[in-house]
>>> print(open('coords28.txt').read())   # compact mmCIF, C-alpha atoms and all ligand atoms
# COMPACT_ATOMS: atom_id res chain seq x y z
CA MET A 1 76.67 55.30 56.71
CA THR A 2 75.96 56.40 60.23
CA ALA A 3 79.18 58.30 60.34
CA THR A 4 77.86 60.73 57.81
CA ALA A 5 74.38 61.29 59.17
CA SER A 6 73.86 65.02 59.22
CA PRO A 7 74.02 66.43 62.71
CA THR A 8 71.44 69.23 62.67
CA PRO A 9 72.29 72.10 64.95
CA SER A 10 69.99 74.96 65.71
CA PHE A 11 71.34 77.73 63.53
CA ASP A 12 72.98 80.62 65.31
CA GLU A 13 72.54 84.26 64.37
CA ASP A 14 75.88 84.49 62.55
CA TYR A 15 74.95 81.60 60.28
CA ARG A 16 71.52 83.10 59.55
CA ASN A 17 73.13 86.46 58.77
CA MET A 18 75.62 84.83 56.46
CA LEU A 19 72.85 83.05 54.57
CA ARG A 20 70.98 86.34 54.27
CA THR A 21 74.09 88.10 52.95
CA LEU A 22 74.79 85.34 50.43
CA SER A 23 71.17 85.36 49.25
CA GLU A 24 71.19 89.13 48.84
CA GLY A 25 74.48 88.82 46.97
CA SER A 26 72.79 86.35 44.61
CA VAL A 27 69.97 88.82 43.99
CA HIS A 28 72.15 91.89 43.45
CA VAL A 29 75.30 90.45 41.86
CA HIS A 30 74.42 87.71 39.45
CA PHE A 31 75.05 86.96 35.81
CA ASP A 32 72.90 85.68 33.02
CA PRO A 33 74.74 83.55 30.47
CA TYR A 34 73.07 85.32 27.55
CA GLU A 35 72.49 88.84 28.86
CA ASP A 36 75.89 89.30 30.45
CA ILE A 37 78.07 87.70 27.79
CA ASP A 38 78.18 89.35 24.40
CA TRP A 39 78.69 86.10 22.54
CA ASP A 40 78.26 87.71 19.12
CA ALA A 41 80.81 90.49 19.63
CA PRO A 42 83.62 90.09 17.07
CA ASN A 43 86.33 89.76 19.73
CA MET A 44 84.38 86.95 21.42
CA ALA A 45 84.58 84.68 18.40
CA ILE A 46 86.66 81.62 19.15
CA ASP A 47 89.66 81.44 16.89
CA PRO A 48 91.08 77.91 16.55
CA GLU A 49 94.49 79.43 15.87
CA ASP A 50 94.56 81.72 18.90
CA PRO A 51 97.83 81.07 20.79
CA ARG A 52 96.12 82.08 24.02
CA TRP A 53 94.78 78.50 24.18
CA ILE A 54 98.27 77.15 24.80
CA LEU A 55 98.41 75.36 28.13
CA PRO A 56 100.49 77.03 30.84
CA ALA A 57 103.54 75.13 32.03
CA ASP A 58 103.28 76.26 35.62
CA PHE A 59 99.81 75.11 36.60
CA ASP A 60 98.50 72.73 33.97
CA PRO A 61 99.92 69.23 34.45
CA LEU A 62 99.82 68.43 30.74
CA GLY A 63 101.18 71.86 29.80
CA ALA A 64 104.05 71.16 32.19
CA THR A 65 105.28 68.11 30.26
CA ALA A 66 108.31 68.37 27.99
CA TRP A 67 106.31 66.38 25.40
CA TYR A 68 103.61 69.05 25.18
CA GLN A 69 106.14 71.85 25.05
CA SER A 70 107.96 70.16 22.18
CA LEU A 71 104.84 70.03 19.97
CA PRO A 72 104.55 72.46 17.07
CA ILE A 73 102.65 75.60 18.12
CA ASP A 74 99.52 74.75 16.12
CA GLN A 75 99.23 71.40 17.90
CA GLN A 76 99.80 73.01 21.29
CA ILE A 77 96.94 75.37 20.51
CA GLU A 78 94.59 72.62 19.34
CA LEU A 79 95.33 70.32 22.27
CA GLY A 80 95.15 73.23 24.72
CA GLN A 81 91.74 74.18 23.41
CA TRP A 82 90.47 70.61 23.72
CA ARG A 83 91.86 70.20 27.23
CA ILE A 84 90.46 73.47 28.59
CA LEU A 85 87.06 73.04 26.97
CA ASN A 86 86.92 69.49 28.24
CA ILE A 87 87.46 70.68 31.82
CA ILE A 88 84.63 73.16 31.23
CA LYS A 89 82.36 70.37 29.98
CA VAL A 90 83.25 68.16 32.96
CA GLY A 91 82.53 71.11 35.25
CA ALA A 92 79.05 71.34 33.77
CA ALA A 93 78.44 67.63 34.39
CA PHE A 94 79.69 67.93 37.97
CA GLU A 95 77.39 70.87 38.59
CA SER A 96 74.43 68.88 37.34
CA ALA A 97 75.08 66.28 40.06
CA LEU A 98 75.51 69.04 42.62
CA ILE A 99 72.09 70.44 41.66
CA ARG A 100 70.49 67.00 42.03
CA GLY A 101 71.88 66.57 45.53
CA LEU A 102 71.21 70.11 46.66
CA MET A 103 67.63 70.08 45.33
CA HIS A 104 66.95 66.88 47.21
CA TYR A 105 68.38 68.43 50.39
CA ALA A 106 66.54 71.72 50.01
CA MET A 107 63.17 70.13 49.39
CA GLU A 108 63.45 68.20 52.64
CA LEU A 109 64.02 71.33 54.68
CA PRO A 110 61.27 72.44 57.05
CA ASN A 111 59.25 75.58 56.41
CA GLY A 112 61.14 78.64 57.54
CA SER A 113 64.58 77.09 57.16
CA PRO A 114 67.09 79.87 56.43
CA GLU A 115 69.04 77.52 54.16
CA PHE A 116 66.21 76.96 51.71
CA ARG A 117 66.34 80.30 49.94
CA TYR A 118 70.12 80.29 49.53
CA CYS A 119 70.19 76.69 48.24
CA LEU A 120 67.73 77.69 45.53
CA HIS A 121 69.79 80.75 44.59
CA GLU A 122 72.84 78.52 44.31
CA MET A 123 71.06 76.04 42.06
CA THR A 124 69.80 78.87 39.83
CA GLU A 125 73.40 80.03 39.46
CA GLU A 126 74.61 76.51 38.71
CA CYS A 127 71.97 76.16 35.98
CA ASN A 128 73.29 79.40 34.50
CA HIS A 129 76.84 78.06 34.70
CA ILE A 130 75.90 74.89 32.88
CA GLN A 131 74.27 76.92 30.09
CA MET A 132 77.26 79.26 29.97
CA PHE A 133 79.75 76.38 29.82
CA GLN A 134 77.81 74.56 27.13
CA GLU A 135 77.43 77.73 25.07
CA LEU A 136 81.21 78.21 25.18
CA VAL A 137 81.77 74.64 24.04
CA ASN A 138 79.15 74.98 21.29
CA ARG A 139 80.61 78.24 20.04
CA SER A 140 84.07 76.70 19.86
CA GLY A 141 82.84 73.98 17.51
CA VAL A 142 85.09 71.54 19.39
CA ASP A 143 83.27 68.30 20.16
CA VAL A 144 84.81 67.58 23.56
CA PRO A 145 83.65 64.38 25.27
CA GLY A 146 83.54 65.70 28.85
CA THR A 147 83.68 63.24 31.74
CA ARG A 148 85.21 59.83 31.58
CA LEU A 149 82.54 57.16 31.03
CA HIS A 150 82.53 55.61 34.51
CA PHE A 151 82.11 59.03 36.13
CA ARG A 152 79.32 59.98 33.75
CA LEU A 153 77.46 56.83 34.74
CA MET A 154 78.00 57.53 38.44
CA LEU A 155 77.00 61.19 38.49
CA PRO A 156 73.20 60.82 38.74
CA PHE A 157 73.61 58.36 41.63
CA LEU A 158 76.13 60.59 43.40
CA GLY A 159 73.60 63.41 43.29
CA LEU A 160 70.86 61.15 44.63
CA LEU A 161 73.00 59.75 47.45
CA GLY A 162 74.31 63.20 48.33
CA GLY A 163 70.77 64.34 49.02
CA PHE A 164 70.57 61.78 51.83
CA GLN A 165 73.97 62.69 53.27
CA PRO A 166 74.23 66.49 53.20
CA VAL A 167 77.54 66.69 55.07
CA VAL A 168 79.14 64.36 52.53
CA LEU A 169 77.37 66.26 49.75
CA MET A 170 78.98 69.51 50.91
CA ILE A 171 82.39 67.86 51.12
CA GLY A 172 81.84 66.57 47.58
CA ILE A 173 80.78 70.02 46.39
CA LEU A 174 84.03 71.43 47.73
CA GLY A 175 86.00 68.54 46.20
CA GLY A 176 84.70 69.50 42.76
CA GLU A 177 84.49 73.25 43.08
CA GLU A 178 87.89 73.86 44.64
CA PRO A 179 90.06 72.47 41.79
CA ILE A 180 87.98 74.26 39.13
CA ASP A 181 87.97 77.51 41.09
CA HIS A 182 91.70 77.25 41.75
CA TYR A 183 92.52 76.56 38.08
CA GLN A 184 90.32 79.42 36.87
CA LYS A 185 91.65 81.93 39.42
CA ILE A 186 95.26 81.23 38.64
CA ALA A 187 94.53 81.31 34.88
CA ILE A 188 92.84 84.70 35.12
CA ARG A 189 95.57 86.09 37.36
CA SER A 190 98.53 84.87 35.40
CA MET A 191 97.80 84.62 31.71
CA GLU A 192 96.06 86.25 28.81
CA LEU A 193 93.05 84.17 27.83
CA PRO A 194 90.81 84.17 24.76
CA PRO A 195 88.11 86.79 25.59
CA ALA A 196 85.14 84.38 25.65
CA LEU A 197 86.98 82.03 27.98
CA HIS A 198 88.08 84.94 30.16
CA ARG A 199 84.51 86.21 30.52
CA VAL A 200 83.16 82.76 31.39
CA MET A 201 85.84 82.22 34.02
CA GLU A 202 85.38 85.69 35.48
CA ILE A 203 81.64 85.14 35.97
CA HIS A 204 82.16 81.67 37.35
CA ILE A 205 84.77 82.77 39.89
CA ALA A 206 82.50 85.59 41.11
CA GLU A 207 79.57 83.28 41.80
CA GLU A 208 81.55 80.30 43.04
CA ALA A 209 82.89 82.44 45.88
CA ARG A 210 79.39 82.35 47.39
CA HIS A 211 78.94 78.63 46.81
CA ILE A 212 82.24 77.80 48.45
CA SER A 213 81.48 80.13 51.38
CA PHE A 214 78.17 78.36 51.91
CA ALA A 215 79.65 74.85 51.80
CA VAL A 216 82.42 75.87 54.23
CA ALA A 217 79.97 77.51 56.66
CA PHE A 218 77.62 74.52 56.38
CA LEU A 219 80.41 72.20 57.48
CA LYS A 220 81.70 74.52 60.20
CA MET A 221 78.18 74.67 61.59
CA ARG A 222 77.65 70.93 61.67
CA LEU A 223 80.99 69.28 62.34
CA PRO A 224 81.28 70.42 65.96
CA HIS A 225 77.99 68.56 66.60
CA ALA A 226 79.28 65.30 65.14
CA ASN A 227 80.32 62.66 67.63
CA ARG A 228 83.86 61.29 67.70
CA PHE A 229 82.95 58.27 65.58
CA GLN A 230 81.30 60.42 62.92
CA ARG A 231 84.14 62.92 62.94
CA PHE A 232 86.75 60.21 62.51
CA HIS A 233 84.98 58.76 59.48
CA LEU A 234 84.47 62.19 58.01
CA SER A 235 88.16 62.97 58.55
CA LEU A 236 88.94 60.07 56.18
CA ALA A 237 86.12 60.74 53.73
CA PHE A 238 87.22 64.35 53.36
CA PRO A 239 90.65 63.84 51.71
CA ILE A 240 89.38 60.84 49.72
CA ALA A 241 86.61 62.98 48.23
CA MET A 242 89.06 65.79 47.44
CA ARG A 243 91.55 63.51 45.70
CA TRP A 244 88.96 61.50 43.83
CA LEU A 245 86.96 64.45 42.52
CA ALA A 246 90.04 66.46 41.57
CA GLY A 247 91.19 63.46 39.55
CA GLU A 248 87.84 63.03 37.85
CA ILE A 249 87.58 66.69 36.93
CA MET A 250 91.13 67.48 35.91
CA THR A 251 92.09 64.22 34.17
CA PRO A 252 91.02 64.12 30.52
CA PRO A 253 89.46 60.96 29.09
CA ARG A 254 91.72 58.49 27.28
CA SER A 255 89.91 59.33 24.04
CA LEU A 256 91.57 62.73 24.15
CA ALA A 257 94.96 61.10 24.65
CA LYS A 258 94.29 58.84 21.67
CA ARG A 259 93.14 61.66 19.45
CA PHE A 260 96.30 63.66 20.08
CA GLY A 261 98.67 60.70 20.29
CA ILE A 262 99.73 61.48 23.84
CA PRO A 263 102.19 58.72 24.76
CA LYS A 264 101.12 56.56 27.71
CA GLU A 265 104.07 57.60 29.83
CA VAL A 266 103.33 61.30 29.22
CA TYR A 267 99.69 60.80 30.18
CA ARG A 268 100.81 59.02 33.35
CA GLU A 269 103.39 61.69 34.11
CA ALA A 270 100.80 64.44 33.73
CA PHE A 271 98.00 62.61 35.62
CA TRP A 272 99.52 62.40 38.30
CA SER A 273 102.82 60.68 38.66
CA SER A 274 105.40 63.39 38.06
CA PRO A 275 106.52 65.56 40.97
CA LYS A 276 105.33 68.67 39.14
CA SER A 277 101.84 67.28 38.50
CA ARG A 278 101.57 66.17 42.12
CA GLU A 279 102.62 69.59 43.25
CA ILE A 280 99.83 71.06 41.10
CA LEU A 281 97.31 68.55 42.50
CA ALA A 282 98.26 69.34 46.10
CA SER A 283 98.05 73.07 45.41
CA TYR A 284 94.29 72.84 44.83
CA PHE A 285 93.58 72.16 48.46
CA GLY A 286 95.33 74.72 50.68
CA ASP A 287 91.96 76.12 51.76
CA MET A 288 90.58 72.63 52.34
CA ARG A 289 93.52 71.66 54.53
CA ALA A 290 92.82 74.80 56.56
CA LEU A 291 89.16 73.82 56.84
CA ALA A 292 90.07 70.29 57.93
CA GLU A 293 92.41 71.69 60.60
CA GLU A 294 89.82 74.13 61.83
CA THR A 295 86.98 71.64 62.05
CA GLY A 296 88.93 68.88 63.77
CA LEU A 297 89.16 66.66 60.69
CA MET A 298 92.94 66.59 60.75
CA ASN A 299 94.13 63.83 63.09
CA PRO A 300 97.22 61.59 62.90
CA VAL A 301 95.43 59.01 60.75
CA SER A 302 93.77 61.44 58.36
CA ARG A 303 96.97 63.47 58.12
CA ARG A 304 98.72 60.34 56.85
CA LEU A 305 95.91 59.78 54.39
CA TRP A 306 96.21 63.32 52.99
CA LYS A 307 99.89 62.61 52.51
CA ARG A 308 99.33 59.16 51.04
CA LEU A 309 96.84 60.60 48.54
CA GLY A 310 99.38 63.20 47.45
CA ILE A 311 97.35 66.21 48.53
CA ALA A 312 99.12 67.14 51.76
CA GLY A 313 100.87 70.44 52.25
CA GLU A 314 100.50 73.63 54.18
CA ALA A 315 97.09 75.01 55.03
CA SER A 316 96.13 78.40 53.61
CA ARG A 317 96.43 81.23 56.10
CA TYR A 318 93.40 82.91 54.56
CA ARG A 319 90.81 81.97 51.95
CA GLY A 320 92.20 81.93 48.40
CA GLU A 321 95.78 82.52 49.46
CA PRO A 322 98.02 81.94 46.42
CA GLU A 323 100.17 78.84 46.71
CA ARG A 324 103.15 79.67 48.88
CA THR A 325 104.58 76.36 49.89
CA ALA A 326 107.34 74.62 48.06
CA GLU A 327 106.95 71.71 50.43
CA VAL A 328 105.01 69.08 48.63
CA TYR A 329 104.97 65.54 49.82
CA VAL A 330 106.48 63.68 46.96
CA GLU A 331 107.45 60.29 48.18
CA GLU A 332 109.83 58.78 45.66
CA THR A 333 111.34 61.12 43.16
CA THR A 334 112.46 64.67 43.23
CA SER A 335 114.98 64.78 40.43
CA ALA A 336 112.64 65.74 37.62
CA HIS A 337 111.04 68.41 39.75
CA THR A 338 112.46 71.40 38.02
CA ASP A 339 112.13 70.21 34.42
CA ALA A 340 108.66 71.39 33.67
CA ALA A 341 108.51 74.06 36.34
CA ALA A 342 111.32 75.93 34.70
CA ALA A 343 109.76 75.82 31.29
CA SER A 344 107.94 78.94 30.37
CA ARG A 345 104.69 79.05 28.53
CA ALA A 346 105.48 78.66 24.86
CA ALA A 347 103.30 81.38 23.47
FE FE B 401 79.36 76.71 39.06
FE FE B 402 79.16 76.26 42.45
>>> encode(input="coords28.txt", output="structure tokens", more="lines below")
Ligand SMILES: [Fe+2]
Ligand SMILES: [Fe+2]
Amino acid sequence: MTATASPTPSFDEDYRNMLRTLSEGSVHVHFDPYEDIDWDAPNMAIDPEDPRWILPADFDPLGATAWYQSLPIDQQIELGQWRILNIIKVGAAFESALIRGLMHYAMELPNGSPEFRYCLHEMTEECNHIQMFQELVNRSGVDVPGTRLHFRLMLPFLGLLGGFQPVVLMIGILGGEEPIDHYQKIAIRSMELPPALHRVMEIHIAEEARHISFAVAFLKMRLPHANRFQRFHLSLAFPIAMRWLAGEIMTPPRSLAKRFGIPKEVYREAFWSSPKSREILASYFGDMRALAEETGLMNPVSRRLWKRLGIAGEASRYRGEPERTAEVYVEETTSAHTDAAAASRAA
């Protein structure tokens, strides 16, 4: 689509410096999935009865349901473990598509491009993340399915197409990385996690900070060079990508619902029809709303679309600002709002 053709600016000194800093960060602060995680340490063993797998009520949409909270503790643990490991497995699949797209983009760059080196560092890190995620799943012994079938079939093509449309690719990267990063940050900040999961999340958060910085800078560099027609189309593509990818990554496959006998209405409530689940969904994108505002992608039409998609809200005042707004655009119902929010984590 013409609207998404990548406007190619000449890179300014700030952008070159940022790429240099990110690349040096990748050299000096990086993690190897086998060297930096002591998988065989006794405390890293994954215990299927560990109550720290119970889903939190305040930021997991399934954990927030009264149905989940009424399950016996052993079932909460088992379902929690499946849900969290499934998100991890989906994250690995998403990162494989990201690598496809980014590799395509990087290999088209001219000699001397300052982006080349950093793109390769990022892909190296993503390969490590995929290994790390898979190792965690393997060690758990839980045979999680990962992505829903339609998304699994689409992923190789998304990577391929993204290579031709780098601005859209970067928007897609943010659409996948932001919900995962947000979920992991809030989990690490607010709850005690099984040690292996904690270590994996800690490493991932540290390296994703660079990836997200790069994608944001990439867009800030290019969007001012887009013409009005391109910018308008991108302003619509942006929230659609955010909503779609958040849904693909955070919604478990139906097979998981079947396995655990999750009633249809509970599945619907959690993904994403209840006010609480919509509040959680919207909370993933405070930084992205700020980016859209800053880059001129928030206009009256796109603002309506953000709202329509259920991901509107206040923009973050600074990167990674914890959710501060209670104002979430829930169109129909508000009555059930406090049900799940008030419930504490049943650990
Ligand atoms: Fe990653
Ligand atoms: Fe990443």
>>> closest_atom_pairs(input="coords28.txt", of="chain A", to="ligand FE 402 (chain B)", cutoff="12 Å", atoms="only C-alpha atoms and all ligand atoms", output="CSV")
residue,atom,partner,partner_atom,distance
A:Gly91,CA,B:FE402,FE,9.5
A:Ala92,CA,B:FE402,FE,10.0
A:Ala93,CA,B:FE402,FE,11.8
A:Phe94,CA,B:FE402,FE,9.5
A:Glu95,CA,B:FE402,FE,6.9
A:Ser96,CA,B:FE402,FE,10.1
A:Ala97,CA,B:FE402,FE,11.0
A:Leu98,CA,B:FE402,FE,8.1
A:Ile99,CA,B:FE402,FE,9.2
A:Leu102,CA,B:FE402,FE,10.9
A:Cys119,CA,B:FE402,FE,10.7
A:Leu120,CA,B:FE402,FE,11.9
A:His121,CA,B:FE402,FE,10.6
A:Glu122,CA,B:FE402,FE,7.0
A:Met123,CA,B:FE402,FE,8.1
A:Thr124,CA,B:FE402,FE,10.1
A:Glu125,CA,B:FE402,FE,7.5
A:Glu126,CA,B:FE402,FE,5.9
A:Cys127,CA,B:FE402,FE,9.7
A:Asn128,CA,B:FE402,FE,10.4
A:His129,CA,B:FE402,FE,8.3
A:Ile130,CA,B:FE402,FE,10.2
A:Met170,CA,B:FE402,FE,10.8
A:Gly172,CA,B:FE402,FE,11.3
A:Ile173,CA,B:FE402,FE,7.6
A:Leu174,CA,B:FE402,FE,8.7
A:Gly175,CA,B:FE402,FE,11.0
A:Gly176,CA,B:FE402,FE,8.7
A:Glu177,CA,B:FE402,FE,6.2
A:Glu178,CA,B:FE402,FE,9.3
A:Pro179,CA,B:FE402,FE,11.6
A:Ile180,CA,B:FE402,FE,9.6
A:Asp181,CA,B:FE402,FE,9.0
A:Ile203,CA,B:FE402,FE,11.3
A:His204,CA,B:FE402,FE,8.0
A:Ile205,CA,B:FE402,FE,9.0
A:Ala206,CA,B:FE402,FE,10.0
A:Glu207,CA,B:FE402,FE,7.1
A:Glu208,CA,B:FE402,FE,4.7
A:Ala209,CA,B:FE402,FE,8.0
A:Arg210,CA,B:FE402,FE,7.8
A:His211,CA,B:FE402,FE,5.0
A:Ile212,CA,B:FE402,FE,6.9
A:Ser213,CA,B:FE402,FE,10.0
A:Phe214,CA,B:FE402,FE,9.7
A:Ala215,CA,B:FE402,FE,9.5
>>> residues_around(input="coords28.txt", residues="Ile77 (chain A)", least_positions_apart="3", cutoff="10 Å", atoms="all atoms listed in the file", output="number ranges by chain")
A: 48-55, 71-74, 80-83, 347
>>> axis_aligned_box(input="coords28.txt", around="region 64-67 of chain A", padding_each_side="8 Å", output="lines of an AutoDock Vina configuration file")
center_x = 106.2
center_y = 68.8
center_z = 28.8
size_x = 20.3
size_y = 20.8
size_z = 22.8
>>> closest_residue(input="coords28.txt", among="A:Tyr105, A:Trp39, A:Trp67, A:Phe232", to="Met298 (chain A)", atoms="all atoms listed in the file")
A:Phe232
>>> closest_residue(input="coords28.txt", among="A:Leu160, A:Val142, A:Met242, A:Leu219", to="Gly296 (chain A)", atoms="only C-alpha atoms")
A:Leu219
>>> atom_distance(input="coords28.txt", atom1="CA of Leu197 (chain A)", atom2="CA of Ala64 (chain A)")
20.7 Å
>>> closest_residue(input="coords28.txt", among="A:Leu19, A:Ile88, A:Leu136, A:Ile311", to="ligand FE 401 (chain B)", atoms="all atoms listed in the file")
A:Ile88
>>> closest_residue(input="coords28.txt", among="A:Phe238, A:Pro61, A:Phe133, A:Trp306", to="ligand FE 401 (chain B)", atoms="only C-alpha atoms and all ligand atoms")
A:Phe133
>>> closest_residue(input="coords28.txt", among="A:Glu314, A:Leu297, A:Gln69, A:Met201", to="Gln230 (chain A)", atoms="only C-alpha atoms")
A:Leu297
>>> closest_residue(input="coords28.txt", among="A:Ala282, A:Ala257, A:Ala315, A:Leu236", to="Val301 (chain A)", atoms="all atoms listed in the file")
A:Leu236
>>> atom_distance(input="coords28.txt", atom1="CA of Ile87 (chain A)", atom2="CA of Gln75 (chain A)")
18.2 Å
>>> atom_distance(input="coords28.txt", atom1="CA of Met221 (chain A)", atom2="CA of Glu321 (chain A)")
22.8 Å
>>> residues_around(input="coords28.txt", residues="Ala187 (chain A)", least_positions_apart="6", cutoff="9 Å", atoms="all atoms listed in the file", output="VMD selection string")
chain A and resid 56 59 193 198 201
>>> residues_around(input="coords28.txt", residues="Arg319 (chain A)", least_positions_apart="4", cutoff="9 Å", atoms="only C-alpha atoms", output="count of residues only")
3
>>> residues_near_point(input="coords28.txt", point="(90.9, 56.9, 60.2)", cutoff="9 Å", atoms="all atoms listed in the file", output="count of residues only")
11
>>> decode(input="coords28.txt", residues="region 153-165 of chain A", atoms="N, CA and C atoms", output="CSV table (one decimal), in the first residue's frame")
chain,number,residue,atom,x,y,z
A,153,LEU,N,-0.6,-19.7,11.0
A,153,LEU,CA,-0.5,-19.8,9.6
A,153,LEU,C,-0.1,-18.5,9.0
A,154,MET,N,-0.5,-17.4,9.6
A,154,MET,CA,-0.2,-16.1,9.0
A,154,MET,C,1.2,-15.6,9.3
A,155,LEU,N,1.8,-16.1,10.4
A,155,LEU,CA,3.0,-15.5,10.9
A,155,LEU,C,4.2,-15.4,9.9
A,156,PRO,N,4.4,-16.5,9.1
A,156,PRO,CA,5.5,-16.4,8.2
A,156,PRO,C,5.3,-15.3,7.1
A,157,PHE,N,4.0,-15.1,6.7
A,157,PHE,CA,3.7,-14.2,5.7
A,157,PHE,C,3.7,-12.7,6.2
A,158,LEU,N,3.4,-12.6,7.5
A,158,LEU,CA,3.5,-11.3,8.1
A,158,LEU,C,4.9,-10.8,8.2
A,159,GLY,N,5.8,-11.8,8.5
A,159,GLY,CA,7.2,-11.4,8.5
A,159,GLY,C,7.7,-11.0,7.1
A,160,LEU,N,7.3,-11.8,6.1
A,160,LEU,CA,7.7,-11.5,4.8
A,160,LEU,C,7.2,-10.1,4.3
A,161,LEU,N,5.9,-9.9,4.5
A,161,LEU,CA,5.3,-8.6,4.1
A,161,LEU,C,5.9,-7.4,4.9
A,162,GLY,N,6.2,-7.7,6.2
A,162,GLY,CA,6.8,-6.6,7.0
A,162,GLY,C,8.1,-6.1,6.4
A,163,GLY,N,8.9,-7.1,5.8
A,163,GLY,CA,10.2,-6.7,5.3
A,163,GLY,C,10.0,-5.7,4.1
A,164,PHE,N,8.9,-5.7,3.5
A,164,PHE,CA,8.7,-4.7,2.4
A,164,PHE,C,8.1,-3.4,2.9
A,165,GLN,N,7.6,-3.4,4.1
A,165,GLN,CA,6.9,-2.2,4.6
A,165,GLN,C,7.5,-1.9,6.0
